[in-house]
Structure formats: structure tokens, C-alpha cells
Amino acid sequence: MAATYHAAFLGVSVAPNACVAGIFNGSGSGKVLRIKRIIFLNTQSAAIGGTLTAFEARRSTAQSGGSPADITKMDTNSANLPAQVQVVSGPTATSVPGLRFFRVPWSMDEINVSILAIDEIQAIPFFNIVFNACRRGGRKPIVLREGEGLDIRHIGNTSTGSVCIFIEFTSAGT
Amino acid sequence: MAQTYVAAFVGVTFGNNKSMAGIFNGSGSGRVLRVKRVYVLNNQTTPVTGVLTMFEVRRSTAQSGGTSVTPTKHDTASENMPAQVLTAHGATVTSSGVLRRFAWSNDEPTASTSTWDEFECVPTFMCMFDAATGDTDLEPLVLREGEGVDVRHTLTSTVGVVDIIIEFTLANT
């Protein structure tokens with residue numbers, strides 16, 4: 001088993017064409033990161049009148065700034081991530097629009113009790129694993145070598161609302 | 001195959017910022033716990049006026065008190081849980097490190113409708129933390145001595161109840 005980490009990007013506000021969650025494996029880390037699963041969740045309880053928008057996951061070639069995400073080791077015996085590995089919300093990321101791993105439509109509206117629209121379905125983890133490289137024999141996860149990253153990007157125009165994103169990944173020497 | 005247990009925290013009442021289910025591997029147990037899956041289910045039949053609220057699954061570093069729950073062995077030949085392993089709801093827990101945050105309706109489900117409340121009755125949909133993926137490269141949540149897991153209601157509501165099911169294994173290393 002590889003050292004496994006969960007990154008939680010909690011209540012990240014959206015902005016037009018902006019990276020909401022970024023993982024970047026900087027030069028000199030000595031590690032290879034493998035993205036296994038990405039989960040989006042709608043946890044907004046305040047009424048906001050959100051609109052339908054979309055997110056993309058792209059490969060990135062540079063990343064700077066942002067706010068550190070909440071990273072949890074699955075085993076406390078695992079090493080800390082090298083300083084060159086940056087896991088942050090809201091960074092400035094350089095990614096190629098055409099190199100996308102997925103695109104997902106998303107409602108930025110708040111969720112409500114006792115109804116079931118797309119907003120509420122977005123609150124259920126089972127339905128919102130937007131990328132899954134587990135249990136897929138013969139298929140690689142998203143591999144991030146040194147100088148490579150993952151850019152989870154809001155590609156719409158709205159600035160209303162927030163989203164929680166959870167990324168499960170491993171770190172290994174090769 | 002590792003010894004496997006289920007801790008079923010049934011009919012736990014909501015409280016403000018309350019640990020709704022906690023498992024803690026105390027010092028001296030001589031064991032390592034591995035949390036595989038966490039289910040949360042809306043299993044209440046009494047009408048209540050529920051609200052939108054929130055849970056988090058977190059790592060913990062201390063746990064005391066609460067109402068104990070005895071884990072069920074998948075195989076009766078498995079050993080009893082060491083006394084240092086605590087399984088309780090309503091415990092005083094020190095936690096940090098968010099593994100999952102999810103919204104929850106604590107309104108009651110009803111027969112013959114299909115809203116969010118009723119979806120919360122379907123176990124397949126309500127596996128809120130799943131480390132039993134079959135991917136041998138991925139670690140589950142490993143609880144060494146002095147470590148635990150806290151399924152916490154993080155907002156303010158004292159309405160309704162919830163069931164929480166945690167599957168975990170117990171091994172020497």
C-alpha cells in the first residue's frame with residue numbers, strides 16, 4: 001500500500017474561470033503523486049440563489065499562492081508531504097484548457113430539507129465521486145510527476161456560492 | 001483476513017457540536033484499527049421538524065465518556081475488543097483533520113415519498129466514508145494507539161435521531 005492522503009477543500013468560494021482546488025508536485029519533491037478519487041459536495045445551508053455552472057479537472061504545469069487545504073494522512077506513520085507538494089484552494093494555476101480529465105455541471109444553489117432536486121443530490125457523496133481511478137483494472141490514476149499538477153477549475157461566470165472538494169491521493173518514491 | 005467488526009450507533013440523538021459516534025484506540029491496546037466504511041442513516045419514524053445540518057468525519061486524538069456501544073464481530077472466533085478501544089456516542093472527543101464534510105436533513109423519512117430524507121434511508125447511497133474500494137494501493141483510515149475517528153454533528157440542532165454504522169478491522173500491526 002502506498003502512503004495515502006486526503007485533502008479537504010472546505011467551502012471554497014467560486015469565481016469566474018478560477019482554480020478552486022490545486023495540487024502541484026513541484027520540482028525536487030522526489031515523489032510521484034497519484035490521484036485516486038475526487039468528490040464534490042454541496043454543503044451550502046444559507047439561501048443564495050445559485051445558478052447552474054460547471055467545473056473541469058485539468059493537468060497543470062505551474063501553480064502559486066492559494067490557501068492550504070486540510071490534509072489528513074490515512075496512517076500517521078506516513079511521511080509528511082514534501083514542501084514542494086502544494087495542496088491549496090484558490091491558487092493561480094497554469095493549465096491547458098484542452099487537457100481535461102473531466103467536466104461536471106454543478107448547481108451552486110443551496111440545499112434544502114425534504115426536497116430532492118439536483119442541489120440535494122449534490123449533497124450525497126455516493127453520487128458525487130466525479131473522478132474514480134479505484135477498482136479499474138489496467139487503468140492508471142492521474143499521475144503527477146515533478147513539475148505536474150491538477151487544476152480543479154470553475155469554468156463558469158458566477159461568483160455566487162461555494163463547494164467542498166475532497167481529493168484522495170497517494171505519494172510514492174516512484 | 002483481518003478480524004472485522006461493526007460498531008452500530010443506533011438512534012443517536014442530535015446535539016449541538018456533538019460526537020455522534022467515536023472509536024478510539026487507547027494507549028496500551030497493542031492493536032491497530034483500520035476504519036473501512038462509515039454509513040449514516042436516517043432511521044427515524046417519529047415526526048419531527050428537521051432542519052438542514054452538517055456532519056464531519058474527523059481524526060481524533062482523545063476520547064472519554066459517552067454511551068458505550070459493543071462492536072459486533074463478523075466472526076465470533078475473533079477476539080474481544082481490548083478494553084483500551086473505546087466505542088461510544090456522545091463522548092467528549094478532541095478531533096481535527098476533516099476527512100469528509102456532508103450536509104444532512106434530520107427530518108423524518110416517510111413511506112411512499114422520495115425526497116432527500118428518504119434517500120437517507122438507502123445504505124448504498126449513505127456510505128459517507130468508503131475506504132473499502134478494493135484498490136490495494138489505497139490505505140484505509142489507520143488508527144494506531146492514541147488515535148481515533150470522530151463522526152461529529154458540527155452545527156446546532158437537537159431534533160431527531162440518526163444511525164451510524166462503522167466497519168473496521170483489528171490487527172496486531
# chains A, B, ... in the order shown; residues from 1 in each chain; ligands from 1
>>> select_by_dssp(residues="stretch 8-147 of chain A", states="strand (DSSP E)", output="MDAnalysis selection string")
chainID A and resid 8:13 18:25 32:41 52:64 67:68 70:73 85:89 92:107 129:132 142:144
>>> interface_residues(of="chain B", to="chain A", cutoff="7 Å", atoms="only C-alpha atoms", output="list in words")
Val51, Leu52, Gly97, Val98, Leu99, Phe102, Ala103, Ser105, Thr115, Trp116, Asp117, Phe125, Met126, Cys127, Met128, Thr133, Gly134, Asp135, Thr136, Asp137, Leu138, Glu139, Pro140, Leu141 and Val142 of chain B
>>> select_by_dssp(residues="stretch 19-165 of chain A", states="alpha helix (DSSP H)", output="list in words")
Ile118, Asp119, Glu120 and Ile121 of chain A
>>> closest_residue(among="A:Leu33, A:Val87, A:Ile155, A:Ala93", to="A:Val14", atoms="only C-alpha atoms")
A:Ile155
>>> atom_distance(atom1="atom CA of A:Gly30", atom2="atom CA of A:Leu99")
24.7 Å
>>> residues_around(residues="A:Ala62", least_positions_apart="3", cutoff="8 Å", atoms="only C-alpha atoms", output="ChimeraX atom specification")
/A:24,93-95,147-149
>>> residues_around(residues="stretch 63-74 of chain B", least_positions_apart="4", cutoff="12 Å", atoms="only C-alpha atoms", output="MDAnalysis selection string")
chainID B and resid 1:13 18:27 59 78:95 146:150 164:170
>>> decode(residues="stretch 34-71 of chain B", atoms="N, CA and C atoms", output="mmCIF file, in the first residue's frame")
data_model
loop_
_atom_site.group_PDB
_atom_site.id
_atom_site.type_symbol
_atom_site.label_atom_id
_atom_site.label_comp_id
_atom_site.auth_asym_id
_atom_site.auth_seq_id
_atom_site.Cartn_x
_atom_site.Cartn_y
_atom_site.Cartn_z
ATOM 1 N N ARG B 34 -8.336 -0.379 11.659
ATOM 2 C CA ARG B 34 -8.427 0.198 10.313
ATOM 3 C C ARG B 34 -9.907 0.409 9.973
ATOM 4 N N VAL B 35 -10.269 1.667 9.822
ATOM 5 C CA VAL B 35 -11.666 2.010 9.531
ATOM 6 C C VAL B 35 -11.882 1.896 8.028
ATOM 7 N N LYS B 36 -12.843 1.073 7.667
ATOM 8 C CA LYS B 36 -13.089 0.799 6.250
ATOM 9 C C LYS B 36 -14.252 1.609 5.677
ATOM 10 N N ARG B 37 -15.356 1.650 6.423
ATOM 11 C CA ARG B 37 -16.529 2.368 5.910
ATOM 12 C C ARG B 37 -17.331 2.997 7.050
ATOM 13 N N VAL B 38 -17.925 4.133 6.745
ATOM 14 C CA VAL B 38 -18.821 4.809 7.686
ATOM 15 C C VAL B 38 -20.146 5.086 6.971
ATOM 16 N N TYR B 39 -21.224 4.540 7.525
ATOM 17 C CA TYR B 39 -22.566 4.798 6.996
ATOM 18 C C TYR B 39 -23.324 5.694 7.972
ATOM 19 N N VAL B 40 -24.128 6.575 7.439
ATOM 20 C CA VAL B 40 -25.035 7.372 8.260
ATOM 21 C C VAL B 40 -26.430 7.196 7.671
ATOM 22 N N LEU B 41 -27.385 6.827 8.503
ATOM 23 C CA LEU B 41 -28.725 6.502 8.008
ATOM 24 C C LEU B 41 -29.800 7.211 8.816
ATOM 25 N N ASN B 42 -30.803 7.681 8.098
ATOM 26 C CA ASN B 42 -31.940 8.357 8.714
ATOM 27 C C ASN B 42 -33.001 7.303 9.012
ATOM 28 N N ASN B 43 -33.000 6.804 10.227
ATOM 29 C CA ASN B 43 -33.852 5.672 10.578
ATOM 30 C C ASN B 43 -34.826 6.073 11.669
ATOM 31 N N GLN B 44 -35.517 7.187 11.468
ATOM 32 C CA GLN B 44 -36.464 7.663 12.472
ATOM 33 C C GLN B 44 -37.873 7.664 11.898
ATOM 34 N N THR B 45 -38.817 7.201 12.708
ATOM 35 C CA THR B 45 -40.201 7.099 12.256
ATOM 36 C C THR B 45 -41.114 8.100 12.955
ATOM 37 N N THR B 46 -40.621 8.726 13.991
ATOM 38 C CA THR B 46 -41.425 9.725 14.702
ATOM 39 C C THR B 46 -41.356 11.068 13.982
ATOM 40 N N PRO B 47 -42.508 11.700 13.714
ATOM 41 C CA PRO B 47 -42.470 13.008 13.041
ATOM 42 C C PRO B 47 -41.700 14.051 13.846
ATOM 43 N N VAL B 48 -40.783 14.701 13.182
ATOM 44 C CA VAL B 48 -40.038 15.803 13.786
ATOM 45 C C VAL B 48 -39.941 16.913 12.740
ATOM 46 N N THR B 49 -39.662 18.101 13.179
ATOM 47 C CA THR B 49 -39.427 19.193 12.240
ATOM 48 C C THR B 49 -37.923 19.349 12.090
ATOM 49 N N GLY B 50 -37.412 18.626 11.125
ATOM 50 C CA GLY B 50 -35.970 18.616 10.939
ATOM 51 C C GLY B 50 -35.475 19.858 10.223
ATOM 52 N N VAL B 51 -34.183 20.012 10.233
ATOM 53 C CA VAL B 51 -33.540 21.147 9.583
ATOM 54 C C VAL B 51 -32.353 20.643 8.754
ATOM 55 N N LEU B 52 -31.797 21.535 7.996
ATOM 56 C CA LEU B 52 -30.563 21.220 7.291
ATOM 57 C C LEU B 52 -29.402 21.393 8.257
ATOM 58 N N THR B 53 -28.598 20.343 8.394
ATOM 59 C CA THR B 53 -27.477 20.447 9.316
ATOM 60 C C THR B 53 -26.235 19.783 8.695
ATOM 61 N N MET B 54 -25.200 19.560 9.468
ATOM 62 C CA MET B 54 -23.915 19.168 8.874
ATOM 63 C C MET B 54 -23.177 18.161 9.761
ATOM 64 N N PHE B 55 -22.477 17.243 9.097
ATOM 65 C CA PHE B 55 -21.600 16.296 9.784
ATOM 66 C C PHE B 55 -20.169 16.457 9.261
ATOM 67 N N GLU B 56 -19.220 16.023 10.075
ATOM 68 C CA GLU B 56 -17.851 15.848 9.608
ATOM 69 C C GLU B 56 -17.313 14.523 10.144
ATOM 70 N N VAL B 57 -16.515 13.854 9.335
ATOM 71 C CA VAL B 57 -15.744 12.691 9.784
ATOM 72 C C VAL B 57 -14.315 13.177 9.988
ATOM 73 N N ARG B 58 -13.819 13.017 11.203
ATOM 74 C CA ARG B 58 -12.516 13.583 11.561
ATOM 75 C C ARG B 58 -11.630 12.544 12.241
ATOM 76 N N ARG B 59 -10.356 12.783 12.230
ATOM 77 C CA ARG B 59 -9.446 12.064 13.109
ATOM 78 C C ARG B 59 -9.587 12.616 14.518
ATOM 79 N N SER B 60 -9.318 11.778 15.530
ATOM 80 C CA SER B 60 -9.347 12.277 16.900
ATOM 81 C C SER B 60 -8.082 11.874 17.644
ATOM 82 N N THR B 61 -7.800 12.635 18.695
ATOM 83 C CA THR B 61 -6.590 12.375 19.497
ATOM 84 C C THR B 61 -6.924 12.072 20.951
ATOM 85 N N ALA B 62 -8.187 12.182 21.330
ATOM 86 C CA ALA B 62 -8.590 11.840 22.699
ATOM 87 C C ALA B 62 -10.092 11.600 22.721
ATOM 88 N N GLN B 63 -10.519 10.699 23.606
ATOM 89 C CA GLN B 63 -11.952 10.411 23.751
ATOM 90 C C GLN B 63 -12.212 9.904 25.157
ATOM 91 N N SER B 64 -13.296 10.383 25.766
ATOM 92 C CA SER B 64 -13.684 9.888 27.090
ATOM 93 C C SER B 64 -15.192 9.980 27.244
ATOM 94 N N GLY B 65 -15.723 9.119 28.115
ATOM 95 C CA GLY B 65 -17.138 9.175 28.452
ATOM 96 C C GLY B 65 -18.050 8.745 27.328
ATOM 97 N N GLY B 66 -19.289 9.206 27.399
ATOM 98 C CA GLY B 66 -20.275 8.854 26.397
ATOM 99 C C GLY B 66 -20.987 7.554 26.720
ATOM 100 N N THR B 67 -21.831 7.134 25.806
ATOM 101 C CA THR B 67 -22.587 5.889 25.948
ATOM 102 C C THR B 67 -21.912 4.807 25.114
ATOM 103 N N SER B 68 -21.451 3.774 25.783
ATOM 104 C CA SER B 68 -20.672 2.736 25.096
ATOM 105 C C SER B 68 -21.542 1.890 24.176
ATOM 106 N N VAL B 69 -20.918 1.463 23.105
ATOM 107 C CA VAL B 69 -21.536 0.540 22.151
ATOM 108 C C VAL B 69 -20.596 -0.641 21.995
ATOM 109 N N THR B 70 -21.128 -1.844 22.075
ATOM 110 C CA THR B 70 -20.284 -3.025 21.901
ATOM 111 C C THR B 70 -20.251 -3.414 20.428
ATOM 112 N N PRO B 71 -19.070 -3.419 19.825
ATOM 113 C CA PRO B 71 -18.992 -3.799 18.410
ATOM 114 C C PRO B 71 -19.406 -5.250 18.197
#
